[in-house]
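Here is the file start_30.cif (mmCIF, C-alpha atoms; chains and numbers go by the auth columns).
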data_input
#
loop_
_atom_site.group_PDB
_atom_site.id
_atom_site.type_symbol
_atom_site.label_atom_id
_atom_site.label_comp_id
_atom_site.label_asym_id
_atom_site.label_seq_id
_atom_site.Cartn_x
_atom_site.Cartn_y
_atom_site.Cartn_z
_atom_site.B_iso_or_equiv
_atom_site.auth_seq_id
_atom_site.auth_asym_id
ATOM 1 C CA MET A 1 -27.506 34.555 -5.235 0.00 1 K
ATOM 2 C CA ALA A 2 -24.269 35.854 -3.741 0.00 2 K
ATOM 3 C CA ARG A 3 -21.785 33.452 -2.233 0.00 3 K
ATOM 4 C CA ILE A 4 -20.874 34.053 1.403 0.00 4 K
ATOM 5 C CA ARG A 5 -17.162 33.689 2.145 0.00 5 K
ATOM 6 C CA PRO A 6 -16.143 32.344 5.562 0.00 6 K
ATOM 7 C CA ALA A 7 -14.119 34.511 7.896 0.00 7 K
ATOM 8 C CA LYS A 8 -10.325 34.094 7.757 0.00 8 K
ATOM 9 C CA ASP A 9 -10.136 32.586 11.235 0.00 9 K
ATOM 10 C CA ASN A 10 -12.970 30.110 10.451 0.00 10 K
ATOM 11 C CA PRO A 11 -12.166 28.273 7.185 0.00 11 K
ATOM 12 C CA ALA A 12 -15.139 25.870 7.461 0.00 12 K
ATOM 13 C CA PRO A 13 -18.240 27.106 5.636 0.00 13 K
ATOM 14 C CA ALA A 14 -21.476 27.459 7.529 0.00 14 K
ATOM 15 C CA PRO A 15 -24.065 24.728 6.892 0.00 15 K
ATOM 16 C CA GLY A 16 -25.942 25.526 3.723 0.00 16 K
ATOM 17 C CA ALA A 17 -23.371 28.070 2.490 0.00 17 K
ATOM 18 C CA GLY A 18 -21.791 27.298 -0.840 0.00 18 K
ATOM 19 C CA GLY A 19 -24.391 24.719 -1.811 0.00 19 K
ATOM 20 C CA ALA A 20 -25.262 21.404 -0.262 0.00 20 K
ATOM 21 C CA GLY A 21 -22.343 18.951 -0.255 0.00 21 K
ATOM 22 C CA ALA A 22 -19.928 21.310 -1.994 0.00 22 K
ATOM 23 C CA PRO A 23 -16.306 20.658 -0.988 0.00 23 K
ATOM 24 C CA PRO A 24 -14.589 23.489 0.872 0.00 24 K
ATOM 25 C CA LYS A 25 -12.316 25.639 -1.255 0.00 25 K
ATOM 26 C CA ARG A 26 -8.581 25.433 -0.667 0.00 26 K
ATOM 27 C CA ARG A 27 -7.050 28.674 0.440 0.00 27 K
ATOM 28 C CA ARG A 28 -3.595 29.944 -0.219 0.00 28 K
ATOM 29 C CA PRO A 29 -1.325 29.938 2.816 0.00 29 K
ATOM 30 C CA ALA A 30 -0.841 33.296 4.492 0.00 30 K
ATOM 31 C CA GLY A 31 2.263 35.229 3.483 0.00 31 K
ATOM 32 C CA GLY A 32 2.399 34.069 -0.118 0.00 32 K
ATOM 33 C CA THR A 33 4.894 35.197 -2.717 0.00 33 K
ATOM 34 C CA GLY A 34 2.926 38.225 -3.912 0.00 34 K
ATOM 35 C CA PRO A 35 4.592 41.597 -4.544 0.00 35 K
ATOM 36 C CA GLY A 36 3.974 42.848 -1.003 0.00 36 K
ATOM 37 C CA ASN A 37 5.026 39.610 0.728 0.00 37 K
ATOM 38 C CA ARG A 38 8.792 39.230 0.421 0.00 38 K
ATOM 39 C CA GLN A 39 10.162 36.356 2.462 0.00 39 K
ATOM 40 C CA ALA A 40 13.654 35.058 3.003 0.00 40 K
ATOM 41 C CA PRO A 41 14.389 31.846 1.082 0.00 41 K
ATOM 42 C CA PRO A 42 13.730 28.732 3.146 0.00 42 K
ATOM 43 C CA VAL A 43 16.721 27.165 4.893 0.00 43 K
ATOM 44 C CA LYS A 44 17.699 23.821 3.391 0.00 44 K
ATOM 45 C CA GLN A 45 17.222 20.955 5.783 0.00 45 K
ATOM 46 C CA GLY A 46 20.409 19.003 6.450 0.00 46 K
ATOM 47 C CA SER A 47 22.798 21.573 4.984 0.00 47 K
ATOM 48 C CA VAL A 48 25.943 22.077 7.032 0.00 48 K
ATOM 49 C CA THR A 49 29.021 24.233 6.775 0.00 49 K
ATOM 50 C CA LYS A 50 32.369 22.912 5.598 0.00 50 K
ATOM 51 C CA ALA A 51 33.809 23.194 9.101 0.00 51 K
ATOM 52 C CA VAL A 52 31.117 20.868 10.424 0.00 52 K
ATOM 53 C CA GLN A 53 31.701 18.468 7.516 0.00 53 K
ATOM 54 C CA VAL A 54 35.426 18.313 8.299 0.00 54 K
ATOM 55 C CA GLY A 55 34.621 17.636 11.952 0.00 55 K
ATOM 56 C CA ARG A 56 32.257 14.847 10.938 0.00 56 K
ATOM 57 C CA ALA A 57 34.855 13.304 8.643 0.00 57 K
ATOM 58 C CA SER A 58 37.561 13.241 11.318 0.00 58 K
ATOM 59 C CA ARG A 59 35.098 11.832 13.855 0.00 59 K
ATOM 60 C CA PHE A 60 34.026 9.164 11.374 0.00 60 K
ATOM 61 C CA MET A 61 37.633 8.134 10.671 0.00 61 K
ATOM 62 C CA SER A 62 38.478 7.913 14.379 0.00 62 K
ATOM 63 C CA GLU A 63 35.411 5.712 14.930 0.00 63 K
ATOM 64 C CA VAL A 64 36.467 3.510 12.003 0.00 64 K
ATOM 65 C CA ALA A 65 39.929 3.090 13.530 0.00 65 K
ATOM 66 C CA THR A 66 38.361 2.207 16.899 0.00 66 K
ATOM 67 C CA GLU A 67 36.140 -0.450 15.321 0.00 67 K
ATOM 68 C CA LEU A 68 39.060 -1.931 13.331 0.00 68 K
ATOM 69 C CA ARG A 69 41.004 -2.396 16.592 0.00 69 K
ATOM 70 C CA LYS A 70 38.115 -4.558 17.868 0.00 70 K
ATOM 71 C CA VAL A 71 38.252 -6.943 14.872 0.00 71 K
ATOM 72 C CA THR A 72 39.563 -10.451 15.425 0.00 72 K
ATOM 73 C CA TRP A 73 41.899 -10.924 12.479 0.00 73 K
ATOM 74 C CA PRO A 74 42.577 -14.468 11.161 0.00 74 K
ATOM 75 C CA THR A 75 45.989 -16.051 11.561 0.00 75 K
ATOM 76 C CA ARG A 76 48.076 -16.896 8.512 0.00 76 K
ATOM 77 C CA GLN A 77 47.090 -20.574 8.775 0.00 77 K
ATOM 78 C CA GLN A 78 43.358 -19.725 8.993 0.00 78 K
ATOM 79 C CA LEU A 79 43.719 -17.450 5.982 0.00 79 K
ATOM 80 C CA PHE A 80 45.359 -20.183 3.880 0.00 80 K
ATOM 81 C CA GLN A 81 42.728 -22.742 4.931 0.00 81 K
ATOM 82 C CA ALA A 82 39.851 -20.437 4.038 0.00 82 K
ATOM 83 C CA THR A 83 41.476 -19.610 0.691 0.00 83 K
ATOM 84 C CA ALA A 84 41.919 -23.320 -0.075 0.00 84 K
ATOM 85 C CA VAL A 85 38.255 -24.009 0.738 0.00 85 K
ATOM 86 C CA VAL A 86 37.162 -21.246 -1.628 0.00 86 K
ATOM 87 C CA ILE A 87 39.410 -22.474 -4.454 0.00 87 K
ATOM 88 C CA VAL A 88 38.161 -26.082 -4.076 0.00 88 K
ATOM 89 C CA PHE A 89 34.528 -24.934 -4.015 0.00 89 K
ATOM 90 C CA VAL A 90 35.032 -22.810 -7.149 0.00 90 K
ATOM 91 C CA ALA A 91 36.656 -25.783 -8.934 0.00 91 K
ATOM 92 C CA ILE A 92 33.706 -28.048 -8.035 0.00 92 K
ATOM 93 C CA VAL A 93 31.120 -25.500 -9.222 0.00 93 K
ATOM 94 C CA THR A 94 33.118 -24.928 -12.431 0.00 94 K
ATOM 95 C CA ALA A 95 33.175 -28.662 -13.183 0.00 95 K
ATOM 96 C CA TYR A 96 29.426 -28.945 -12.453 0.00 96 K
ATOM 97 C CA LEU A 97 28.535 -26.028 -14.734 0.00 97 K
ATOM 98 C CA ALA A 98 30.841 -27.314 -17.492 0.00 98 K
ATOM 99 C CA ALA A 99 29.091 -30.720 -17.354 0.00 99 K
ATOM 100 C CA LEU A 100 25.644 -29.064 -17.523 0.00 100 K
ATOM 101 C CA ASP A 101 26.799 -26.901 -20.440 0.00 101 K
ATOM 102 C CA GLU A 102 27.990 -29.989 -22.324 0.00 102 K
ATOM 103 C CA VAL A 103 24.750 -31.904 -21.678 0.00 103 K
ATOM 104 C CA PHE A 104 22.475 -29.031 -22.675 0.00 104 K
ATOM 105 C CA GLY A 105 24.666 -28.185 -25.689 0.00 105 K
ATOM 106 C CA ARG A 106 24.293 -31.743 -27.017 0.00 106 K
ATOM 107 C CA LEU A 107 20.567 -31.684 -26.258 0.00 107 K
ATOM 108 C CA VAL A 108 20.082 -28.437 -28.212 0.00 108 K
ATOM 109 C CA ASP A 109 22.176 -29.777 -31.135 0.00 109 K
ATOM 110 C CA ALA A 110 20.026 -32.938 -31.211 0.00 110 K
ATOM 111 C CA ILE A 111 16.759 -30.987 -31.257 0.00 111 K
ATOM 112 C CA PHE A 112 17.718 -28.308 -33.778 0.00 112 K
#

Here is the file; what I need is its structure written in the form of structure tokens.
Amino acid sequence: MARIRPAKDNPAPAPGAGGAGAPPKRRRPAGGTGPGNRQAPPVKQGSVTKAVQVGRASRFMSEVATELRKVTWPTRQQLFQATAVVIVFVAIVTAYLAALDEVFGRLVDAIF
């Protein structure tokens, strides 16, 4: 029995055509890459010229400068206080980890 192909403008097969419950065949998109169908290469999405890139870079840097003018910078005294807090905290954590290392080192030596 010959198979009936659907018309190009109607890709869905008629009921009963192609067997009961047979999935519809996938068709190649029109204008393929055959010998008679030469197409221009697709344009890359997001590609820009160097002139646009330079414009973006200068705009970006001006926006960075604008945002840096809005920053509230710490005073010298605030900077020294924050640095002292960090140094004290690091010293405390160092002492804590050194004590744990000593305890676990002795525990491992006692077991093995």

Interatomic distance between CA of Gln81 (chain K) and CA of Leu97 (chain K)?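 CA of Gln81 (chain K) sits 24.5 Å away from CA of Leu97 (chain K).
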
Interatomic distance, CA of Asp109 (chain K) to CA of Val90 (chain K) (Å, one decimal): 28.1 Å

To one decimal place, how far is CA of Val93 (chain K) from CA of Gly105 (chain K) in Å?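 A separation of 17.9 Å between them.
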
Write a file for region 50-79 of chain K of the given structure; include N, CA, C and O atoms and format it as a compact mmCIF listing (two decimals), in the first residue's frame.
# COMPACT_ATOMS: atom_id res chain seq x y z
N LYS K 50 33.97 47.38 16.97
CA LYS K 50 34.92 47.92 17.93
C LYS K 50 34.55 49.33 18.36
O LYS K 50 34.77 49.72 19.50
N ALA K 51 33.97 50.11 17.47
CA ALA K 51 33.58 51.47 17.81
C ALA K 51 32.52 51.46 18.91
O ALA K 51 32.56 52.26 19.84
N VAL K 52 31.58 50.52 18.81
CA VAL K 52 30.55 50.42 19.85
C VAL K 52 31.17 49.94 21.15
O VAL K 52 30.82 50.41 22.23
N GLN K 53 32.14 49.02 21.07
CA GLN K 53 32.79 48.53 22.28
C GLN K 53 33.53 49.65 22.98
O GLN K 53 33.50 49.77 24.20
N VAL K 54 34.22 50.51 22.23
CA VAL K 54 34.93 51.63 22.83
C VAL K 54 33.94 52.57 23.49
O VAL K 54 34.16 53.06 24.60
N GLY K 55 32.82 52.83 22.85
CA GLY K 55 31.79 53.68 23.44
C GLY K 55 31.24 53.09 24.72
O GLY K 55 30.99 53.80 25.69
N ARG K 56 31.06 51.78 24.74
CA ARG K 56 30.58 51.12 25.96
C ARG K 56 31.59 51.23 27.07
O ARG K 56 31.24 51.44 28.21
N ALA K 57 32.88 51.07 26.74
CA ALA K 57 33.91 51.11 27.75
C ALA K 57 34.00 52.50 28.38
O ALA K 57 34.09 52.63 29.61
N SER K 58 33.93 53.55 27.56
CA SER K 58 34.03 54.90 28.11
C SER K 58 32.78 55.23 28.94
O SER K 58 32.87 55.89 29.97
N ARG K 59 31.63 54.74 28.49
CA ARG K 59 30.40 54.95 29.26
C ARG K 59 30.48 54.22 30.60
O ARG K 59 30.11 54.76 31.64
N PHE K 60 30.99 53.00 30.57
CA PHE K 60 31.13 52.22 31.80
C PHE K 60 32.04 52.93 32.79
O PHE K 60 31.73 53.05 33.97
N MET K 61 33.19 53.43 32.30
CA MET K 61 34.14 54.09 33.20
C MET K 61 33.56 55.38 33.76
O MET K 61 33.79 55.71 34.93
N SER K 62 32.80 56.12 32.99
CA SER K 62 32.19 57.35 33.52
C SER K 62 31.14 57.00 34.58
O SER K 62 31.01 57.71 35.58
N GLU K 63 30.40 55.90 34.38
CA GLU K 63 29.43 55.49 35.39
C GLU K 63 30.12 55.00 36.65
O GLU K 63 29.64 55.23 37.76
N VAL K 64 31.27 54.34 36.51
CA VAL K 64 32.04 53.92 37.68
C VAL K 64 32.50 55.13 38.47
O VAL K 64 32.39 55.18 39.70
N ALA K 65 33.01 56.14 37.79
CA ALA K 65 33.46 57.36 38.47
C ALA K 65 32.30 58.04 39.18
O ALA K 65 32.45 58.52 40.32
N THR K 66 31.12 58.07 38.57
CA THR K 66 29.95 58.67 39.19
C THR K 66 29.57 57.93 40.46
O THR K 66 29.28 58.54 41.49
N GLU K 67 29.59 56.60 40.41
CA GLU K 67 29.23 55.80 41.59
C GLU K 67 30.27 55.97 42.70
O GLU K 67 29.93 56.00 43.88
N LEU K 68 31.56 56.09 42.34
CA LEU K 68 32.60 56.25 43.37
C LEU K 68 32.49 57.60 44.07
O LEU K 68 32.89 57.73 45.22
N ARG K 69 31.94 58.60 43.39
CA ARG K 69 31.73 59.91 44.05
C ARG K 69 30.62 59.81 45.09
O ARG K 69 30.57 60.61 46.02
N LYS K 70 29.71 58.85 44.95
CA LYS K 70 28.60 58.70 45.90
C LYS K 70 29.00 57.93 47.16
O LYS K 70 28.25 57.92 48.13
N VAL K 71 30.17 57.28 47.15
CA VAL K 71 30.59 56.43 48.27
C VAL K 71 30.92 57.29 49.48
O VAL K 71 31.56 58.35 49.36
N THR K 72 30.49 56.82 50.65
CA THR K 72 30.89 57.47 51.90
C THR K 72 32.17 56.79 52.38
O THR K 72 32.13 55.66 52.85
N TRP K 73 33.29 57.48 52.25
CA TRP K 73 34.57 56.89 52.60
C TRP K 73 34.82 57.04 54.10
O TRP K 73 34.46 58.05 54.70
N PRO K 74 35.45 56.03 54.75
CA PRO K 74 35.71 56.13 56.20
C PRO K 74 36.80 57.16 56.49
O PRO K 74 37.69 57.40 55.67
N THR K 75 36.72 57.72 57.70
CA THR K 75 37.78 58.64 58.13
C THR K 75 39.00 57.80 58.52
O THR K 75 38.93 56.58 58.63
N ARG K 76 40.10 58.49 58.78
CA ARG K 76 41.32 57.79 59.18
C ARG K 76 41.10 57.04 60.49
O ARG K 76 41.53 55.89 60.65
N GLN K 77 40.40 57.66 61.44
CA GLN K 77 40.15 57.03 62.73
C GLN K 77 39.27 55.78 62.56
O GLN K 77 39.54 54.73 63.16
N GLN K 78 38.23 55.86 61.74
CA GLN K 78 37.37 54.70 61.50
C GLN K 78 38.15 53.57 60.83
O GLN K 78 37.96 52.39 61.15
N LEU K 79 39.06 53.92 59.93
CA LEU K 79 39.87 52.93 59.26
C LEU K 79 40.78 52.20 60.24
O LEU K 79 40.87 50.97 60.22
